[in-house]
$ cat start36.pdb   # PDB, C-alpha atoms
MODEL        1
ATOM      1  CA  MET Q1309       0.000   0.000   0.000  1.00  0.00           C
ATOM      2  CA  ASN Q1310       2.896   2.280   0.754  1.00  0.00           C
ATOM      3  CA  ALA Q1311       4.223   1.612  -2.714  1.00  0.00           C
ATOM      4  CA  PHE Q1312       0.906   2.593  -4.182  1.00  0.00           C
ATOM      5  CA  ARG Q1313       0.838   5.776  -2.100  1.00  0.00           C
ATOM      6  CA  ALA Q1314       4.350   6.559  -3.166  1.00  0.00           C
ATOM      7  CA  PHE Q1315       3.315   6.026  -6.759  1.00  0.00           C
ATOM      8  CA  LEU Q1316       0.339   8.394  -6.306  1.00  0.00           C
ATOM      9  CA  GLU Q1317       2.603  10.964  -4.667  1.00  0.00           C
ATOM     10  CA  LYS Q1318       4.931  10.760  -7.613  1.00  0.00           C
ATOM     11  CA  LEU Q1319       1.964  11.210  -9.955  1.00  0.00           C
ATOM     12  CA  LYS Q1320       0.828  14.248  -8.025  1.00  0.00           C
ATOM     13  CA  LYS Q1321       4.258  15.722  -8.333  1.00  0.00           C
ATOM     14  CA  ARG Q1322       4.313  15.006 -12.045  1.00  0.00           C
ATOM     15  CA  ARG Q1323       0.731  16.084 -12.535  1.00  0.00           C
ATOM     16  CA  LYS Q1324       1.872  19.388 -13.909  1.00  0.00           C
ATOM     17  CA  ALA Q1325       4.019  17.608 -16.489  1.00  0.00           C
ATOM     18  CA  PHE Q1326       1.064  15.376 -17.458  1.00  0.00           C
ATOM     19  CA  VAL Q1327      -1.178  18.430 -17.839  1.00  0.00           C
ATOM     20  CA  HIS Q1328       1.438  20.012 -20.067  1.00  0.00           C
ATOM     21  CA  LEU Q1329       1.726  16.770 -22.006  1.00  0.00           C
ATOM     22  CA  LEU Q1330      -2.067  16.565 -22.348  1.00  0.00           C
ATOM     23  CA  ILE Q1331      -2.252  20.191 -23.524  1.00  0.00           C
ATOM     24  CA  LEU Q1332       0.560  19.481 -25.944  1.00  0.00           C
ATOM     25  CA  LEU Q1333      -1.296  16.425 -27.259  1.00  0.00           C
ATOM     26  CA  VAL Q1334      -4.528  18.433 -27.693  1.00  0.00           C
ATOM     27  CA  VAL Q1335      -2.672  21.270 -29.476  1.00  0.00           C
ATOM     28  CA  ASN Q1336      -0.853  18.724 -31.622  1.00  0.00           C
ATOM     29  CA  GLY Q1337      -4.169  17.046 -32.502  1.00  0.00           C
ATOM     30  CA  VAL Q1338      -5.764  20.382 -33.390  1.00  0.00           C
ATOM     31  CA  LEU Q1339      -2.757  21.366 -35.500  1.00  0.00           C
ATOM     32  CA  PHE Q1340      -2.716  17.954 -37.203  1.00  0.00           C
ATOM     33  CA  ALA Q1341      -6.455  18.203 -37.981  1.00  0.00           C
ATOM     34  CA  GLY Q1342      -6.063  21.778 -39.261  1.00  0.00           C
ATOM     35  CA  VAL Q1343      -3.044  21.013 -41.446  1.00  0.00           C
ATOM     36  CA  THR Q1344      -4.662  17.830 -42.782  1.00  0.00           C
ATOM     37  CA  TYR Q1345      -7.873  19.744 -43.587  1.00  0.00           C
ATOM     38  CA  ARG Q1346      -5.909  22.531 -45.295  1.00  0.00           C
ATOM     39  CA  LEU Q1347      -3.901  20.043 -47.328  1.00  0.00           C
ATOM     40  CA  ALA Q1348      -7.035  18.152 -48.364  1.00  0.00           C
ATOM     41  CA  ASN Q1349      -8.765  21.443 -49.194  1.00  0.00           C
ATOM     42  CA  LYS Q1350      -5.697  22.627 -51.110  1.00  0.00           C
ATOM     43  CA  GLN Q1351      -5.628  19.343 -53.035  1.00  0.00           C
ATOM     44  CA  GLU Q1352      -9.266  19.854 -54.075  1.00  0.00           C
ATOM     45  CA  ILE Q1353      -8.536  23.449 -55.091  1.00  0.00           C
ATOM     46  CA  LEU Q1354      -5.512  22.311 -57.115  1.00  0.00           C
ATOM     47  CA  ALA Q1355      -7.581  19.568 -58.800  1.00  0.00           C
ATOM     48  CA  ASP Q1356     -10.298  22.132 -59.668  1.00  0.00           C
ATOM     49  CA  ASP Q1357      -7.628  24.539 -60.983  1.00  0.00           C
ATOM     50  CA  GLN Q1358      -6.094  21.778 -63.074  1.00  0.00           C
ATOM     51  CA  GLN Q1359      -9.465  20.896 -64.565  1.00  0.00           C
ATOM     52  CA  ARG Q1360     -10.251  24.561 -65.268  1.00  0.00           C
ATOM     53  CA  LEU Q1361      -6.835  25.133 -66.833  1.00  0.00           C
ATOM     54  CA  SER Q1362      -7.229  21.993 -68.968  1.00  0.00           C
ATOM     55  CA  LEU Q1363     -10.552  23.314 -70.265  1.00  0.00           C
ATOM     56  CA  GLU Q1364      -8.979  26.722 -70.971  1.00  0.00           C
ATOM     57  CA  LEU Q1365      -6.085  25.005 -72.761  1.00  0.00           C
ATOM     58  CA  GLU Q1366      -8.521  23.074 -74.976  1.00  0.00           C
ATOM     59  CA  GLN Q1367     -10.402  26.301 -75.744  1.00  0.00           C
ATOM     60  CA  LYS Q1368      -7.151  28.099 -76.590  1.00  0.00           C
ATOM     61  CA  LYS Q1369      -6.106  25.203 -78.835  1.00  0.00           C
ATOM     62  CA  ALA Q1370      -9.440  25.431 -80.666  1.00  0.00           C
ATOM     63  CA  GLU Q1371      -9.023  29.214 -80.993  1.00  0.00           C
ATOM     64  CA  LEU Q1372      -5.461  28.750 -82.272  1.00  0.00           C
ATOM     65  CA  GLU Q1373      -6.646  26.207 -84.835  1.00  0.00           C
ATOM     66  CA  ALA Q1374      -9.417  28.555 -86.013  1.00  0.00           C
ATOM     67  CA  LEU Q1375      -6.956  31.463 -86.219  1.00  0.00           C
ATOM     68  CA  SER Q1376      -4.472  29.286 -88.127  1.00  0.00           C
ATOM     69  CA  LEU Q1377      -7.198  28.374 -90.617  1.00  0.00           C
ATOM     70  CA  ASP Q1378      -8.163  32.043 -90.940  1.00  0.00           C
ATOM     71  CA  GLU Q1379      -4.532  33.006 -91.471  1.00  0.00           C
ATOM     72  CA  ALA Q1380      -4.145  30.336 -94.177  1.00  0.00           C
ATOM     73  CA  ARG Q1381      -7.351  31.560 -95.835  1.00  0.00           C
ATOM     74  CA  VAL Q1382      -6.203  35.196 -95.697  1.00  0.00           C
ATOM     75  CA  THR Q1383      -2.836  34.237 -97.192  1.00  0.00           C
ATOM     76  CA  ALA Q1384      -4.525  32.230 -99.946  1.00  0.00           C
ATOM     77  CA  ASN Q1385      -6.885  35.152-100.660  1.00  0.00           C
ATOM     78  CA  ALA Q1386      -3.983  37.608-100.761  1.00  0.00           C
ATOM     79  CA  ASN Q1387      -2.156  35.328-103.204  1.00  0.00           C
ATOM     80  CA  ALA Q1388      -5.315  35.016-105.325  1.00  0.00           C
ATOM     81  CA  VAL Q1389      -5.693  38.814-105.412  1.00  0.00           C
ATOM     82  CA  THR Q1390      -2.031  39.200-106.384  1.00  0.00           C
ATOM     83  CA  ASP Q1391      -2.402  36.587-109.118  1.00  0.00           C
ATOM     84  CA  PHE Q1392      -5.593  38.279-110.316  1.00  0.00           C
ATOM     85  CA  TRP Q1393      -3.843  41.652-110.558  1.00  0.00           C
ATOM     86  CA  THR Q1394      -0.659  40.387-112.191  1.00  0.00           C
ATOM     87  CA  ASP Q1395      -1.836  37.512-114.391  1.00  0.00           C
ATOM     88  CA  VAL Q1396      -5.509  38.068-115.216  1.00  0.00           C
ATOM     89  CA  VAL Q1397      -6.124  41.805-115.272  1.00  0.00           C
ATOM     90  CA  LYS Q1398      -4.291  43.473-118.135  1.00  0.00           C
ATOM     91  CA  THR Q1399      -3.497  47.145-118.559  1.00  0.00           C
ATOM     92  CA  ARG Q1400      -6.057  49.170-120.464  1.00  0.00           C
ATOM     93  CA  VAL Q1401      -3.991  49.454-123.604  1.00  0.00           C
ATOM     94  CA  PRO Q1402      -3.476  46.971-125.209  1.00  0.00           C
ATOM     95  CA  GLY Q1403      -5.694  44.996-122.749  1.00  0.00           C
ATOM     96  CA  LEU Q1404      -8.956  46.212-124.276  1.00  0.00           C
ATOM     97  CA  THR Q1405      -7.906  45.220-127.794  1.00  0.00           C
ATOM     98  CA  GLU Q1406      -6.710  41.830-126.548  1.00  0.00           C
ATOM     99  CA  ALA Q1407     -10.053  41.253-124.822  1.00  0.00           C
ATOM    100  CA  TRP Q1408     -12.009  41.941-128.020  1.00  0.00           C
ATOM    101  CA  GLU Q1409      -9.645  39.643-129.945  1.00  0.00           C
ATOM    102  CA  GLU Q1410     -10.197  36.926-127.352  1.00  0.00           C
ATOM    103  CA  ILE Q1411     -13.986  37.257-127.665  1.00  0.00           C
ATOM    104  CA  ASP Q1412     -13.713  37.108-131.488  1.00  0.00           C
ATOM    105  CA  ARG Q1413     -11.497  34.022-131.238  1.00  0.00           C
ATOM    106  CA  LEU Q1414     -13.929  32.275-128.879  1.00  0.00           C
ATOM    107  CA  THR Q1415     -16.879  32.993-131.186  1.00  0.00           C
ATOM    108  CA  LYS Q1416     -15.006  31.519-134.167  1.00  0.00           C
ATOM    109  CA  GLU Q1417     -13.928  28.441-132.218  1.00  0.00           C
ATOM    110  CA  SER Q1418     -17.523  27.893-131.089  1.00  0.00           C
ATOM    111  CA  ASN Q1419     -19.090  28.436-134.567  1.00  0.00           C
ATOM    112  CA  VAL Q1420     -21.061  31.395-133.223  1.00  0.00           C
ATOM    113  CA  ILE Q1421     -21.755  34.581-135.172  1.00  0.00           C
ATOM    114  CA  LYS Q1422     -21.297  37.741-133.126  1.00  0.00           C
ATOM    115  CA  GLY Q1423     -23.169  40.916-133.972  1.00  0.00           C
ATOM    116  CA  ARG Q1424     -22.095  44.446-133.216  1.00  0.00           C
ATOM    117  CA  THR Q1425     -20.738  44.821-129.677  1.00  0.00           C
ATOM    118  CA  ALA Q1426     -21.651  47.778-127.479  1.00  0.00           C
ATOM    119  CA  TYR Q1427     -19.735  48.458-124.303  1.00  0.00           C
ATOM    120  CA  GLY Q1428     -19.589  50.803-121.351  1.00  0.00           C
ATOM    121  CA  ARG Q1429     -16.713  51.601-119.024  1.00  0.00           C
ATOM    122  CA  GLU Q1430     -16.759  52.249-115.310  1.00  0.00           C
ATOM    123  CA  LEU Q1431     -13.779  53.233-113.185  1.00  0.00           C
ATOM    124  CA  MET Q1432     -13.924  51.477-109.802  1.00  0.00           C
ATOM    125  CA  ASP Q1433     -12.519  52.640-106.444  1.00  0.00           C
ATOM    126  CA  VAL Q1434     -10.025  49.757-106.303  1.00  0.00           C
ATOM    127  CA  GLY Q1435      -8.065  50.931-109.341  1.00  0.00           C
ATOM    128  CA  LEU Q1436      -9.821  48.722-111.863  1.00  0.00           C
ATOM    129  CA  GLU Q1437     -11.860  49.666-114.880  1.00  0.00           C
ATOM    130  CA  GLN Q1438     -14.895  47.480-115.455  1.00  0.00           C
ATOM    131  CA  ILE Q1439     -15.867  46.971-119.083  1.00  0.00           C
ATOM    132  CA  LYS Q1440     -19.469  45.863-119.640  1.00  0.00           C
ATOM    133  CA  ALA Q1441     -20.107  44.547-123.132  1.00  0.00           C
ATOM    134  CA  THR Q1442     -23.403  43.536-124.722  1.00  0.00           C
ATOM    135  CA  MET Q1443     -23.531  41.649-127.984  1.00  0.00           C
ATOM    136  CA  PRO Q1444     -25.995  39.578-129.962  1.00  0.00           C
ATOM    137  CA  VAL Q1445     -24.723  36.067-130.777  1.00  0.00           C
ATOM    138  CA  GLU Q1446     -26.276  33.515-133.127  1.00  0.00           C
ATOM    139  CA  GLY Q1447     -25.765  29.797-133.447  1.00  0.00           C
ATOM    140  CA  THR Q1448     -27.142  26.409-132.547  1.00  0.00           C
ATOM    141  CA  TYR Q1449     -27.985  25.661-128.944  1.00  0.00           C
ATOM    142  CA  PHE Q1450     -24.843  23.577-128.403  1.00  0.00           C
ATOM    143  CA  ASP Q1451     -22.585  26.133-130.127  1.00  0.00           C
ATOM    144  CA  LEU Q1452     -23.961  28.884-127.894  1.00  0.00           C
ATOM    145  CA  VAL Q1453     -23.470  26.740-124.775  1.00  0.00           C
ATOM    146  CA  ARG Q1454     -19.884  26.008-125.890  1.00  0.00           C
ATOM    147  CA  PHE Q1455     -19.263  29.742-126.419  1.00  0.00           C
ATOM    148  CA  ILE Q1456     -20.584  30.677-122.960  1.00  0.00           C
ATOM    149  CA  ASN Q1457     -18.556  27.883-121.305  1.00  0.00           C
ATOM    150  CA  ARG Q1458     -15.375  29.041-123.043  1.00  0.00           C
ATOM    151  CA  LEU Q1459     -16.055  32.627-121.986  1.00  0.00           C
ATOM    152  CA  GLU Q1460     -16.455  31.615-118.360  1.00  0.00           C
ATOM    153  CA  ARG Q1461     -13.324  29.411-118.427  1.00  0.00           C
ATOM    154  CA  SER Q1462     -11.156  31.941-120.187  1.00  0.00           C
ATOM    155  CA  GLU Q1463      -8.004  33.033-118.361  1.00  0.00           C
ATOM    156  CA  ARG Q1464      -9.049  36.646-118.936  1.00  0.00           C
ATOM    157  CA  PHE Q1465     -11.787  36.360-116.287  1.00  0.00           C
ATOM    158  CA  PHE Q1466     -14.870  37.194-118.341  1.00  0.00           C
ATOM    159  CA  LEU Q1467     -18.068  37.298-116.263  1.00  0.00           C
ATOM    160  CA  VAL Q1468     -21.233  36.309-118.104  1.00  0.00           C
ATOM    161  CA  GLU Q1469     -23.748  38.555-116.375  1.00  0.00           C
ATOM    162  CA  GLU Q1470     -26.877  38.011-118.465  1.00  0.00           C
ATOM    163  CA  VAL Q1471     -28.006  35.820-121.348  1.00  0.00           C
ATOM    164  CA  ARG Q1472     -31.392  36.601-122.856  1.00  0.00           C
ATOM    165  CA  LEU Q1473     -33.177  34.826-125.707  1.00  0.00           C
ATOM    166  CA  ALA Q1474     -33.699  37.414-128.422  1.00  0.00           C
ATOM    167  CA  GLN Q1475     -35.006  35.379-131.349  1.00  0.00           C
ATOM    168  CA  ARG Q1476     -35.318  31.821-132.596  1.00  0.00           C
ATOM    169  CA  GLU Q1477     -35.892  30.842-136.217  1.00  0.00           C
ATOM    170  CA  ARG Q1478     -39.122  28.966-136.590  1.00  0.00           C
ATOM    171  CA  GLN Q1479     -37.925  26.259-138.948  1.00  0.00           C
ATOM    172  CA  GLY Q1480     -34.159  26.283-138.342  1.00  0.00           C
ATOM    173  CA  THR Q1481     -31.996  25.451-135.376  1.00  0.00           C
ATOM    174  CA  THR Q1482     -30.429  28.909-135.077  1.00  0.00           C
ATOM    175  CA  ILE Q1483     -30.949  30.790-131.814  1.00  0.00           C
ATOM    176  CA  ARG Q1484     -30.107  34.431-131.208  1.00  0.00           C
ATOM    177  CA  LEU Q1485     -29.099  35.526-127.727  1.00  0.00           C
ATOM    178  CA  ASP Q1486     -28.372  38.913-126.235  1.00  0.00           C
ATOM    179  CA  CYS Q1487     -25.284  38.283-124.143  1.00  0.00           C
ATOM    180  CA  SER Q1488     -23.927  40.686-121.482  1.00  0.00           C
ATOM    181  CA  ILE Q1489     -20.429  40.117-120.173  1.00  0.00           C
ATOM    182  CA  SER Q1490     -17.970  42.111-118.142  1.00  0.00           C
ATOM    183  CA  PHE Q1491     -14.214  42.029-117.582  1.00  0.00           C
ATOM    184  CA  TYR Q1492     -11.655  44.167-115.817  1.00  0.00           C
ATOM    185  CA  LEU Q1493      -8.613  46.190-116.847  1.00  0.00           C
ATOM    186  CA  LYS Q1494      -6.013  48.094-114.864  1.00  0.00           C
ATOM    187  CA  ALA Q1495      -6.918  51.750-115.056  1.00  0.00           C
ATOM    188  CA  GLY Q1496      -3.960  53.757-116.330  1.00  0.00           C
ATOM    189  CA  THR Q1497      -5.820  57.006-116.968  1.00  0.00           C
ATOM    190  CA  THR Q1498      -9.392  57.965-116.323  1.00  0.00           C
ATOM    191  CA  PRO Q1499     -11.823  58.199-119.276  1.00  0.00           C
ATOM    192  CA  ALA Q1500     -11.935  62.005-118.745  1.00  0.00           C
ATOM    193  CA  GLU Q1501      -8.140  62.281-118.947  1.00  0.00           C
ATOM    194  CA  GLU Q1502      -8.149  60.036-122.000  1.00  0.00           C
ATOM    195  CA  ALA Q1503     -10.764  62.237-123.726  1.00  0.00           C
ATOM    196  CA  GLY Q1504      -8.776  65.389-122.914  1.00  0.00           C
ATOM    197  CA  SER Q1505      -5.553  64.114-124.493  1.00  0.00           C
TER     198      SER Q1505
ENDMDL
END
$ encode --input "start36.pdb" --output "structure tokens"
Amino acid sequence: MNAFRAFLEKLKKRRKAFVHLLILLVVNGVLFAGVTYRLANKQEILADDQQRLSLELEQKKAELEALSLDEARVTANANAVTDFWTDVVKTRVPGLTEAWEEIDRLTKESNVIKGRTAYGRELMDVGLEQIKATMPVEGTYFDLVRFINRLERSERFFLVEEVRLAQRERQGTTIRLDCSISFYLKAGTTPAEEAGS
């Protein structure tokens, strides 16, 4: 019994140390719980951030792909405009004469008879002169179709704007069409300047 009392006395003396140890354990537990909660919370936040950033990355990739396609299209369009200006559109003189010769050649190749051609000129803001020509053409249906196809496929860039049936022979196969086409030339001088010289 004395041993037990001695043990209790020792415990009483060390009670303060046990209280400190208990407080230390409680503080340690609270700190452990807090740090563990913060780490778990931070892990969730990081996972959410990663998911959000992955979505943003996918969106940016899609935007980059769309912009790359737009850039390729713009480059192709710029090249087409350059080719149009340098290879297709001719200067006014001798471009106008060459255009009429081309139309005459296409009518002969297609077995089509061309009547008198009337034309008008319009100077455009982009530095081009638009020539609008109207002409009656006669021939069989297939010859006229061949003529129109060759006009549209010509390297000179003729635009067939209107084709109107003017007359058809009652007993023959000849058809007469009023054909309106347009093409473009590089404007060197304006029509007013040309008239003044």
$ resolve_selection --input "start36.pdb" --expression "the PyMOL selection byres ((chain Q and resi 1415) around 12)" --output "mmCIF file with C-alpha atoms, in the coordinates of the input"
data_model
loop_
_atom_site.group_PDB
_atom_site.id
_atom_site.type_symbol
_atom_site.label_atom_id
_atom_site.label_comp_id
_atom_site.auth_asym_id
_atom_site.auth_seq_id
_atom_site.Cartn_x
_atom_site.Cartn_y
_atom_site.Cartn_z
ATOM 1 C CA TRP Q 1408 -12.009 41.941 -128.020
ATOM 2 C CA GLU Q 1409 -9.645 39.643 -129.945
ATOM 3 C CA GLU Q 1410 -10.197 36.926 -127.352
ATOM 4 C CA ILE Q 1411 -13.986 37.257 -127.665
ATOM 5 C CA ASP Q 1412 -13.713 37.108 -131.488
ATOM 6 C CA ARG Q 1413 -11.497 34.022 -131.238
ATOM 7 C CA LEU Q 1414 -13.929 32.275 -128.879
ATOM 8 C CA LYS Q 1416 -15.006 31.519 -134.167
ATOM 9 C CA GLU Q 1417 -13.928 28.441 -132.218
ATOM 10 C CA SER Q 1418 -17.523 27.893 -131.089
ATOM 11 C CA ASN Q 1419 -19.090 28.436 -134.567
ATOM 12 C CA VAL Q 1420 -21.061 31.395 -133.223
ATOM 13 C CA ILE Q 1421 -21.755 34.581 -135.172
ATOM 14 C CA LYS Q 1422 -21.297 37.741 -133.126
ATOM 15 C CA GLY Q 1423 -23.169 40.916 -133.972
ATOM 16 C CA MET Q 1443 -23.531 41.649 -127.984
ATOM 17 C CA PRO Q 1444 -25.995 39.578 -129.962
ATOM 18 C CA VAL Q 1445 -24.723 36.067 -130.777
ATOM 19 C CA GLU Q 1446 -26.276 33.515 -133.127
ATOM 20 C CA GLY Q 1447 -25.765 29.797 -133.447
ATOM 21 C CA ASP Q 1451 -22.585 26.133 -130.127
ATOM 22 C CA LEU Q 1452 -23.961 28.884 -127.894
ATOM 23 C CA VAL Q 1453 -23.470 26.740 -124.775
ATOM 24 C CA ARG Q 1454 -19.884 26.008 -125.890
ATOM 25 C CA PHE Q 1455 -19.263 29.742 -126.419
ATOM 26 C CA ILE Q 1456 -20.584 30.677 -122.960
ATOM 27 C CA ASN Q 1457 -18.556 27.883 -121.305
ATOM 28 C CA ARG Q 1458 -15.375 29.041 -123.043
ATOM 29 C CA LEU Q 1459 -16.055 32.627 -121.986
#
$ atom_distance --input "start36.pdb" --atom1 "CA of Gly1342 in chain Q" --atom2 "CA of Gln1358 in chain Q"
23.8 Å
$ atom_distance --input "start36.pdb" --atom1 "CA of Leu1436 in chain Q" --atom2 "CA of Glu1470 in chain Q"
21.2 Å
$ atom_distance --input "start36.pdb" --atom1 "CA of Leu1404 in chain Q" --atom2 "CA of Asn1385 in chain Q"
26.2 Å
